[in-house]
file target_39.cif (mmCIF, C-alpha atoms)
data_start
#
loop_
_atom_site.group_PDB
_atom_site.id
_atom_site.type_symbol
_atom_site.label_atom_id
_atom_site.label_comp_id
_atom_site.auth_asym_id
_atom_site.auth_seq_id
_atom_site.Cartn_x
_atom_site.Cartn_y
_atom_site.Cartn_z
ATOM 1 C CA LYS A 1 -15.185 -2.792 13.289
ATOM 2 C CA ASN A 2 -11.884 -3.052 11.433
ATOM 3 C CA GLU A 3 -12.048 -5.458 8.528
ATOM 4 C CA VAL A 4 -8.335 -6.274 8.877
ATOM 5 C CA GLU A 5 -6.796 -6.754 12.299
ATOM 6 C CA GLN A 6 -3.134 -7.333 12.963
ATOM 7 C CA SER A 7 -1.380 -8.551 16.084
ATOM 8 C CA PRO A 8 0.714 -7.627 17.826
ATOM 9 C CA GLN A 9 0.724 -3.873 17.205
ATOM 10 C CA ASN A 10 4.316 -3.657 18.393
ATOM 11 C CA LEU A 11 6.951 -6.360 18.686
ATOM 12 C CA THR A 12 10.501 -6.086 20.002
ATOM 13 C CA ALA A 13 12.786 -9.103 19.753
ATOM 14 C CA GLN A 14 16.433 -10.039 19.894
ATOM 15 C CA GLU A 15 18.449 -10.752 16.797
ATOM 16 C CA GLY A 16 18.085 -14.369 15.738
ATOM 17 C CA GLU A 17 14.603 -14.878 17.157
ATOM 18 C CA PHE A 18 11.771 -16.413 15.145
ATOM 19 C CA ILE A 19 9.098 -13.791 14.523
ATOM 20 C CA THR A 20 5.386 -14.297 13.888
ATOM 21 C CA ILE A 21 2.984 -11.537 12.887
ATOM 22 C CA ASN A 22 -0.698 -12.337 12.576
ATOM 23 C CA CYS A 23 -3.472 -10.972 10.389
ATOM 24 C CA SER A 24 -7.179 -11.729 10.726
ATOM 25 C CA TYR A 25 -9.865 -10.438 8.417
ATOM 26 C CA SER A 26 -13.631 -10.452 8.526
ATOM 27 C CA VAL A 27 -14.577 -10.231 4.852
ATOM 28 C CA GLY A 28 -14.432 -12.674 1.968
ATOM 29 C CA ILE A 29 -11.261 -12.105 0.051
ATOM 30 C CA SER A 30 -9.684 -13.125 -3.213
ATOM 31 C CA ALA A 31 -6.110 -12.242 -2.238
ATOM 32 C CA LEU A 32 -4.008 -11.149 0.703
ATOM 33 C CA HIS A 33 -0.841 -9.076 0.513
ATOM 34 C CA TRP A 34 1.965 -8.665 3.015
ATOM 35 C CA LEU A 35 3.949 -5.456 2.712
ATOM 36 C CA GLN A 36 6.855 -3.857 4.518
ATOM 37 C CA GLN A 37 7.053 -0.141 5.304
ATOM 38 C CA HIS A 38 10.464 1.223 6.146
ATOM 39 C CA PRO A 39 11.063 3.996 8.706
ATOM 40 C CA GLY A 40 11.439 6.500 5.861
ATOM 41 C CA GLY A 41 7.942 5.605 4.637
ATOM 42 C CA GLY A 42 8.749 3.518 1.558
ATOM 43 C CA ILE A 43 6.499 0.497 0.956
ATOM 44 C CA VAL A 44 7.676 -2.812 -0.491
ATOM 45 C CA SER A 45 5.415 -5.694 -1.427
ATOM 46 C CA LEU A 46 6.576 -8.973 0.148
ATOM 47 C CA PHE A 47 3.961 -11.567 -0.790
ATOM 48 C CA MET A 48 0.656 -11.973 -2.545
ATOM 49 C CA LEU A 49 -1.285 -15.035 -1.353
ATOM 50 C CA SER A 50 -4.595 -16.579 -2.226
ATOM 51 C CA SER A 51 -3.975 -19.970 -0.617
ATOM 52 C CA GLY A 52 -1.345 -22.084 1.116
ATOM 53 C CA LYS A 53 2.139 -20.887 1.839
ATOM 54 C CA LYS A 54 4.916 -18.882 0.194
ATOM 55 C CA LYS A 55 8.581 -18.557 1.108
ATOM 56 C CA HIS A 56 11.112 -15.966 0.095
ATOM 57 C CA GLY A 57 14.478 -16.133 1.783
ATOM 58 C CA ARG A 58 13.900 -15.872 5.546
ATOM 59 C CA LEU A 59 10.277 -14.815 5.116
ATOM 60 C CA ILE A 60 7.370 -17.250 5.111
ATOM 61 C CA ALA A 61 3.716 -16.318 4.659
ATOM 62 C CA THR A 62 0.779 -18.636 5.233
ATOM 63 C CA ILE A 63 -2.943 -18.216 4.807
ATOM 64 C CA ASN A 64 -5.916 -20.200 6.068
ATOM 65 C CA ILE A 65 -8.914 -19.134 4.025
ATOM 66 C CA GLN A 66 -11.442 -21.041 6.164
ATOM 67 C CA GLU A 67 -10.196 -19.388 9.365
ATOM 68 C CA LYS A 68 -9.689 -16.001 7.668
ATOM 69 C CA HIS A 69 -6.190 -15.770 9.041
ATOM 70 C CA SER A 70 -2.694 -15.242 7.711
ATOM 71 C CA SER A 71 0.707 -15.237 9.366
ATOM 72 C CA LEU A 72 4.039 -13.774 8.370
ATOM 73 C CA HIS A 73 7.091 -15.460 9.838
ATOM 74 C CA ILE A 74 10.669 -14.253 9.865
ATOM 75 C CA THR A 75 13.377 -16.781 10.632
ATOM 76 C CA ALA A 76 16.787 -15.791 12.039
ATOM 77 C CA SER A 77 15.653 -12.179 12.477
ATOM 78 C CA HIS A 78 18.143 -9.387 11.937
ATOM 79 C CA PRO A 79 18.128 -5.695 12.889
ATOM 80 C CA ARG A 80 17.632 -4.809 9.212
ATOM 81 C CA ASP A 81 14.229 -6.546 9.432
ATOM 82 C CA SER A 82 13.064 -3.695 11.673
ATOM 83 C CA ALA A 83 10.110 -2.097 9.897
ATOM 84 C CA VAL A 84 6.318 -1.952 9.930
ATOM 85 C CA TYR A 85 4.733 -5.064 8.427
ATOM 86 C CA ILE A 86 1.300 -4.556 6.924
ATOM 87 C CA CYS A 87 -1.365 -7.009 5.854
ATOM 88 C CA ALA A 88 -3.779 -5.862 3.143
ATOM 89 C CA VAL A 89 -6.681 -7.817 1.671
ATOM 90 C CA LEU A 90 -8.573 -7.659 -1.580
ATOM 91 C CA HIS A 91 -12.301 -7.944 -0.989
ATOM 92 C CA MET A 92 -13.805 -10.575 -3.245
ATOM 93 C CA ASP A 93 -16.184 -7.992 -4.736
ATOM 94 C CA SER A 94 -13.293 -5.804 -5.845
ATOM 95 C CA ASN A 95 -10.531 -6.191 -8.371
ATOM 96 C CA TYR A 96 -8.325 -3.415 -7.143
ATOM 97 C CA GLN A 97 -9.238 -1.915 -3.767
ATOM 98 C CA LEU A 98 -6.893 -3.229 -1.067
ATOM 99 C CA ILE A 99 -8.109 -2.894 2.536
ATOM 100 C CA TRP A 100 -5.083 -2.268 4.732
ATOM 101 C CA GLY A 101 -4.343 -3.272 8.290
ATOM 102 C CA ALA A 102 -2.785 -0.892 10.770
ATOM 103 C CA GLY A 103 0.569 -2.646 10.659
ATOM 104 C CA THR A 104 2.864 -4.320 13.162
ATOM 105 C CA LYS A 105 5.927 -2.330 14.170
ATOM 106 C CA LEU A 106 8.844 -4.735 14.514
ATOM 107 C CA ILE A 107 12.117 -3.820 16.202
ATOM 108 C CA ILE A 108 14.948 -6.326 16.196
ATOM 109 C CA LYS A 109 17.695 -5.528 18.708
ATOM 110 C CA PRO A 110 21.291 -6.624 18.049
ATOM 111 C CA GLU B 1 15.980 -2.617 -11.503
ATOM 112 C CA PRO B 2 12.896 -0.690 -12.698
ATOM 113 C CA GLU B 3 11.181 1.425 -10.080
ATOM 114 C CA VAL B 4 8.235 3.728 -9.595
ATOM 115 C CA THR B 5 9.255 7.348 -9.146
ATOM 116 C CA GLN B 6 7.285 10.225 -7.659
ATOM 117 C CA THR B 7 7.759 13.983 -7.692
ATOM 118 C CA PRO B 8 7.981 16.117 -5.702
ATOM 119 C CA SER B 9 9.117 14.328 -2.567
ATOM 120 C CA HIS B 10 7.570 17.070 -0.439
ATOM 121 C CA GLN B 11 4.949 19.646 -1.404
ATOM 122 C CA VAL B 12 3.801 22.481 0.819
ATOM 123 C CA THR B 13 0.707 24.392 -0.239
ATOM 124 C CA GLN B 14 -1.867 26.800 1.092
ATOM 125 C CA MET B 15 -5.404 25.651 1.773
ATOM 126 C CA GLY B 16 -7.588 26.111 -1.297
ATOM 127 C CA GLN B 17 -4.736 25.777 -3.780
ATOM 128 C CA GLU B 18 -4.562 23.120 -6.472
ATOM 129 C CA VAL B 19 -1.766 20.559 -6.354
ATOM 130 C CA ILE B 20 -0.622 17.980 -8.866
ATOM 131 C CA LEU B 21 1.344 14.984 -7.673
ATOM 132 C CA ARG B 22 3.324 13.162 -10.301
ATOM 133 C CA CYS B 23 4.261 9.526 -10.719
ATOM 134 C CA VAL B 24 6.160 7.584 -13.339
ATOM 135 C CA PRO B 25 5.076 3.924 -13.118
ATOM 136 C CA ILE B 26 7.197 1.009 -14.281
ATOM 137 C CA SER B 27 7.137 1.086 -18.048
ATOM 138 C CA ASN B 28 5.481 -2.252 -18.887
ATOM 139 C CA HIS B 29 2.893 -2.022 -16.105
ATOM 140 C CA LEU B 30 -0.759 -1.566 -17.009
ATOM 141 C CA TYR B 31 -2.470 -0.892 -13.668
ATOM 142 C CA PHE B 32 -1.860 2.255 -11.633
ATOM 143 C CA TYR B 33 -2.947 3.247 -8.139
ATOM 144 C CA TRP B 34 -2.919 6.112 -5.695
ATOM 145 C CA TYR B 35 -2.955 5.618 -1.934
ATOM 146 C CA ARG B 36 -2.675 8.039 0.940
ATOM 147 C CA GLN B 37 -1.433 7.666 4.504
ATOM 148 C CA ILE B 38 -2.300 10.332 7.034
ATOM 149 C CA LEU B 39 0.436 10.564 9.665
ATOM 150 C CA GLY B 40 0.098 7.756 12.191
ATOM 151 C CA GLN B 41 -2.809 6.117 10.363
ATOM 152 C CA LYS B 42 -3.404 3.224 7.967
ATOM 153 C CA VAL B 43 -2.716 3.363 4.281
ATOM 154 C CA GLU B 44 -5.960 4.046 2.392
ATOM 155 C CA PHE B 45 -6.831 3.224 -1.188
ATOM 156 C CA LEU B 46 -7.829 6.218 -3.317
ATOM 157 C CA VAL B 47 -8.139 5.066 -6.909
ATOM 158 C CA SER B 48 -7.079 2.529 -9.491
ATOM 159 C CA PHE B 49 -6.599 3.264 -13.182
ATOM 160 C CA TYR B 50 -6.470 0.914 -16.131
ATOM 161 C CA ASN B 51 -6.769 1.343 -19.862
ATOM 162 C CA ASN B 52 -6.963 5.133 -19.509
ATOM 163 C CA GLU B 53 -9.893 5.177 -17.158
ATOM 164 C CA ILE B 54 -10.671 4.855 -13.467
ATOM 165 C CA SER B 55 -11.418 1.219 -12.637
ATOM 166 C CA GLU B 56 -12.270 1.699 -8.945
ATOM 167 C CA LYS B 57 -12.293 4.552 -6.482
ATOM 168 C CA SER B 58 -12.886 4.836 -2.766
ATOM 169 C CA GLU B 59 -15.239 7.146 -0.881
ATOM 170 C CA ILE B 60 -12.268 9.401 -0.186
ATOM 171 C CA PHE B 61 -11.825 10.061 -3.901
ATOM 172 C CA ASP B 62 -14.475 12.754 -4.269
ATOM 173 C CA ASP B 63 -14.905 15.482 -6.883
ATOM 174 C CA GLN B 64 -11.871 17.329 -5.524
ATOM 175 C CA PHE B 65 -9.626 14.553 -6.831
ATOM 176 C CA SER B 66 -8.821 13.567 -10.389
ATOM 177 C CA VAL B 67 -6.274 11.350 -12.074
ATOM 178 C CA GLU B 68 -4.778 11.472 -15.498
ATOM 179 C CA ARG B 69 -2.236 9.738 -17.664
ATOM 180 C CA PRO B 70 -1.312 12.710 -19.828
ATOM 181 C CA ASP B 71 1.323 10.867 -21.849
ATOM 182 C CA GLY B 72 2.819 7.393 -22.088
ATOM 183 C CA SER B 73 4.826 7.654 -18.895
ATOM 184 C CA ASN B 74 3.299 9.981 -16.287
ATOM 185 C CA PHE B 75 0.371 9.297 -13.980
ATOM 186 C CA THR B 76 -0.891 12.276 -12.011
ATOM 187 C CA LEU B 77 -3.151 12.937 -9.046
ATOM 188 C CA LYS B 78 -4.726 16.383 -8.893
ATOM 189 C CA ILE B 79 -6.372 17.840 -5.825
ATOM 190 C CA ARG B 80 -8.422 20.817 -6.953
ATOM 191 C CA SER B 81 -8.834 22.817 -3.769
ATOM 192 C CA THR B 82 -6.740 21.436 -0.945
ATOM 193 C CA LYS B 83 -8.024 21.174 2.607
ATOM 194 C CA LEU B 84 -6.033 20.842 5.819
ATOM 195 C CA GLU B 85 -7.140 17.215 6.081
ATOM 196 C CA ASP B 86 -5.515 16.421 2.729
ATOM 197 C CA SER B 87 -2.135 16.606 4.465
ATOM 198 C CA ALA B 88 -0.721 13.101 4.114
ATOM 199 C CA MET B 89 1.828 10.947 2.354
ATOM 200 C CA TYR B 90 0.594 10.010 -1.108
ATOM 201 C CA PHE B 91 1.896 6.814 -2.659
ATOM 202 C CA CYS B 92 1.666 5.831 -6.286
ATOM 203 C CA ALA B 93 1.887 2.161 -7.249
ATOM 204 C CA SER B 94 1.818 0.129 -10.428
ATOM 205 C CA SER B 95 1.414 -3.519 -11.332
ATOM 206 C CA GLU B 96 1.542 -5.713 -14.409
ATOM 207 C CA LEU B 97 -1.732 -7.384 -13.518
ATOM 208 C CA ALA B 98 -4.581 -6.531 -11.150
ATOM 209 C CA VAL B 99 -3.797 -6.963 -7.433
ATOM 210 C CA ALA B 100 -5.825 -10.161 -7.266
ATOM 211 C CA TYR B 101 -3.037 -11.766 -9.252
ATOM 212 C CA ASN B 102 0.091 -9.723 -8.814
ATOM 213 C CA GLU B 103 2.169 -7.667 -6.415
ATOM 214 C CA GLN B 104 2.311 -3.908 -6.648
ATOM 215 C CA PHE B 105 5.399 -1.749 -6.846
ATOM 216 C CA PHE B 106 5.294 1.446 -4.833
ATOM 217 C CA GLY B 107 6.905 4.813 -5.319
ATOM 218 C CA PRO B 108 8.721 6.546 -2.443
ATOM 219 C CA GLY B 109 5.760 8.830 -1.779
ATOM 220 C CA THR B 110 5.039 12.551 -1.842
ATOM 221 C CA ARG B 111 4.513 14.223 1.509
ATOM 222 C CA LEU B 112 1.788 16.860 1.079
ATOM 223 C CA THR B 113 1.504 19.545 3.729
ATOM 224 C CA VAL B 114 -1.503 21.861 3.527
ATOM 225 C CA LEU B 115 -1.215 25.040 5.608
#

call {"tool": "encode", "arguments": {"input": "target_39.cif", "output": "structure tokens"}}
result
Amino acid sequence: KNEVEQSPQNLTAQEGEFITINCSYSVGISALHWLQQHPGGGIVSLFMLSSGKKKHGRLIATINIQEKHSSLHITASHPRDSAVYICAVLHMDSNYQLIWGAGTKLIIKP
Amino acid sequence: EPEVTQTPSHQVTQMGQEVILRCVPISNHLYFYWYRQILGQKVEFLVSFYNNEISEKSEIFDDQFSVERPDGSNFTLKIRSTKLEDSAMYFCASSELAVAYNEQFFGPGTRLTVL
């Protein structure tokens, strides 16, 4: 069983739509990271969360520790948001070893 | 803006050969990591390095792999005798603090092709 599950696997939307990507995990964690992987392969860290909610520009990330669930939202989506969005968790028994999800491939059409 | 750099961008090698992948982390960062991503698969943690020693490693990081910080700037991953299944994108990352507390900054990756 995968310890980190993301949904949907693929998402295509029109420019301007509100986007939600979900991440569920089955282990106890001390932190959750959302990352973005561009078509060329480069990875950028978006958020690190251990509780509550964080906002950066049009991106919002929330986490519910009790439900073992996190969401990444994109408001007013734009074609440049097209990328793979990955959730990765830090198991509470580890200080360094991130467990990665498979990613959600997002395509925003103009 | 400071960034993590990796060289080479693409390495092609014959099975059984040794390869060294190089990374220059962000200069004031203290924690360093290697990850790999086999084509079409998830990113996988290989190893973390702090204070000149390995702090954690995954099951993938067997005796064929080693890491080193040979000077104040470079961080290297060596694969002693490459196998076909080592073909992947290898990402280096660095952070100021451990990932429980801080984001990581990733290099652009080295694509390793083992023939």

call {"tool": "closest_residue", "arguments": {"input": "target_39.cif", "among": "B:Arg22, B:Lys78, B:Arg36, B:Arg69", "to": "chain A", "atoms": "only C-alpha atoms"}}
result
B:Arg36

call {"tool": "atom_distance", "arguments": {"input": "target_39.cif", "atom1": "atom CA of A:Leu46", "atom2": "atom CA of B:Ser55"}}
result
24.3 Å

call {"tool": "resolve_selection", "arguments": {"input": "target_39.cif", "expression": "the PyMOL selection byres ((chain A) within 9 of (chain B))", "output": "PyMOL selection string"}}
result
chain A and resi 30-33+40-50+90+92+94-103

call {"tool": "resolve_selection", "arguments": {"input": "target_39.cif", "expression": "the PyMOL selection byres ((chain A and resi 75) around 9)", "output": "PDB file with C-alpha atoms, keeping the file's coordinate frame"}}
result
ATOM      1  CA  GLY A  16      18.085 -14.369  15.738  1.00  0.00           C
ATOM      2  CA  GLU A  17      14.603 -14.878  17.157  1.00  0.00           C
ATOM      3  CA  PHE A  18      11.771 -16.413  15.145  1.00  0.00           C
ATOM      4  CA  ILE A  19       9.098 -13.791  14.523  1.00  0.00           C
ATOM      5  CA  THR A  20       5.386 -14.297  13.888  1.00  0.00           C
ATOM      6  CA  GLY A  57      14.478 -16.133   1.783  1.00  0.00           C
ATOM      7  CA  ARG A  58      13.900 -15.872   5.546  1.00  0.00           C
ATOM      8  CA  LEU A  59      10.277 -14.815   5.116  1.00  0.00           C
ATOM      9  CA  ILE A  60       7.370 -17.250   5.111  1.00  0.00           C
ATOM     10  CA  HIS A  73       7.091 -15.460   9.838  1.00  0.00           C
ATOM     11  CA  ILE A  74      10.669 -14.253   9.865  1.00  0.00           C
ATOM     12  CA  ALA A  76      16.787 -15.791  12.039  1.00  0.00           C
ATOM     13  CA  SER A  77      15.653 -12.179  12.477  1.00  0.00           C
ATOM     14  CA  HIS A  78      18.143  -9.387  11.937  1.00  0.00           C
TER      15      HIS A  78
END

call {"tool": "atom_distance", "arguments": {"input": "target_39.cif", "atom1": "atom CA of B:Lys83", "atom2": "atom CA of B:Met15"}}
result
5.3 Å

call {"tool": "residues_around", "arguments": {"input": "target_39.cif", "residues": "B:Gly72", "least_positions_apart": "2", "cutoff": "10 Å", "atoms": "only C-alpha atoms", "output": "list in words"}}
result
Val24, Pro25, Ser27, Arg69, Pro70, Asn74 and Phe75 of chain B

call {"tool": "write_last_selection", "arguments": {"input": "target_39.cif", "atoms": "C-alpha atoms", "output": "mmCIF file, keeping the file's coordinate frame"}}
result
data_model
loop_
_atom_site.group_PDB
_atom_site.id
_atom_site.type_symbol
_atom_site.label_atom_id
_atom_site.label_comp_id
_atom_site.auth_asym_id
_atom_site.auth_seq_id
_atom_site.Cartn_x
_atom_site.Cartn_y
_atom_site.Cartn_z
ATOM 1 C CA VAL B 24 6.160 7.584 -13.339
ATOM 2 C CA PRO B 25 5.076 3.924 -13.118
ATOM 3 C CA SER B 27 7.137 1.086 -18.048
ATOM 4 C CA ARG B 69 -2.236 9.738 -17.664
ATOM 5 C CA PRO B 70 -1.312 12.710 -19.828
ATOM 6 C CA ASN B 74 3.299 9.981 -16.287
ATOM 7 C CA PHE B 75 0.371 9.297 -13.980
#

call {"tool": "atom_distance", "arguments": {"input": "target_39.cif", "atom1": "atom CA of B:Val4", "atom2": "atom CA of A:Asn22"}}
result
28.8 Å

call {"tool": "closest_residue", "arguments": {"input": "target_39.cif", "among": "B:Gln64, B:Glu53, B:Glu59, B:Thr7", "to": "B:Arg80", "atoms": "all atoms listed in the file"}}
result
B:Gln64

call {"tool": "residues_around", "arguments": {"input": "target_39.cif", "residues": "stretch 2-14 of chain A", "least_positions_apart": "4", "cutoff": "6 Å", "atoms": "all atoms listed in the file", "output": "ChimeraX atom specification"}}
result
/A:22-26,101,104-109

call {"tool": "resolve_selection", "arguments": {"input": "target_39.cif", "expression": "the PyMOL selection byres ((chain B and resi 113) around 9)", "output": "count of residues only"}}
result
14

call {"tool": "axis_aligned_box", "arguments": {"input": "target_39.cif", "around": "stretch 21-35 of chain B", "padding_each_side": "4 Å", "output": "lines of an AutoDock Vina configuration file"}}
result
center_x = 2.1
center_y = 6.4
center_z = -10.4
size_x = 18.2
size_y = 25.2
size_z = 25.0

call {"tool": "closest_residue", "arguments": {"input": "target_39.cif", "among": "A:Lys55, A:Ile21, A:Ile63, A:Pro39", "to": "A:Ser82", "atoms": "all atoms listed in the file"}}
result
A:Pro39

call {"tool": "residues_around", "arguments": {"input": "target_39.cif", "residues": "B:His29", "least_positions_apart": "5", "cutoff": "8 Å", "atoms": "all atoms listed in the file", "output": "PyMOL selection string"}}
result
chain B and resi 94-97

call {"tool": "write_last_selection", "arguments": {"input": "target_39.cif", "atoms": "C-alpha atoms", "output": "PDB file, in the frame of the given file"}}
result
ATOM      1  CA  SER B  94       1.818   0.129 -10.428  1.00  0.00           C
ATOM      2  CA  SER B  95       1.414  -3.519 -11.332  1.00  0.00           C
ATOM      3  CA  GLU B  96       1.542  -5.713 -14.409  1.00  0.00           C
ATOM      4  CA  LEU B  97      -1.732  -7.384 -13.518  1.00  0.00           C
TER       5      LEU B  97
END

call {"tool": "closest_residue", "arguments": {"input": "target_39.cif", "among": "A:His56, A:His69, A:His91, A:Arg80", "to": "A:Ile29", "atoms": "all atoms listed in the file"}}
result
A:His91
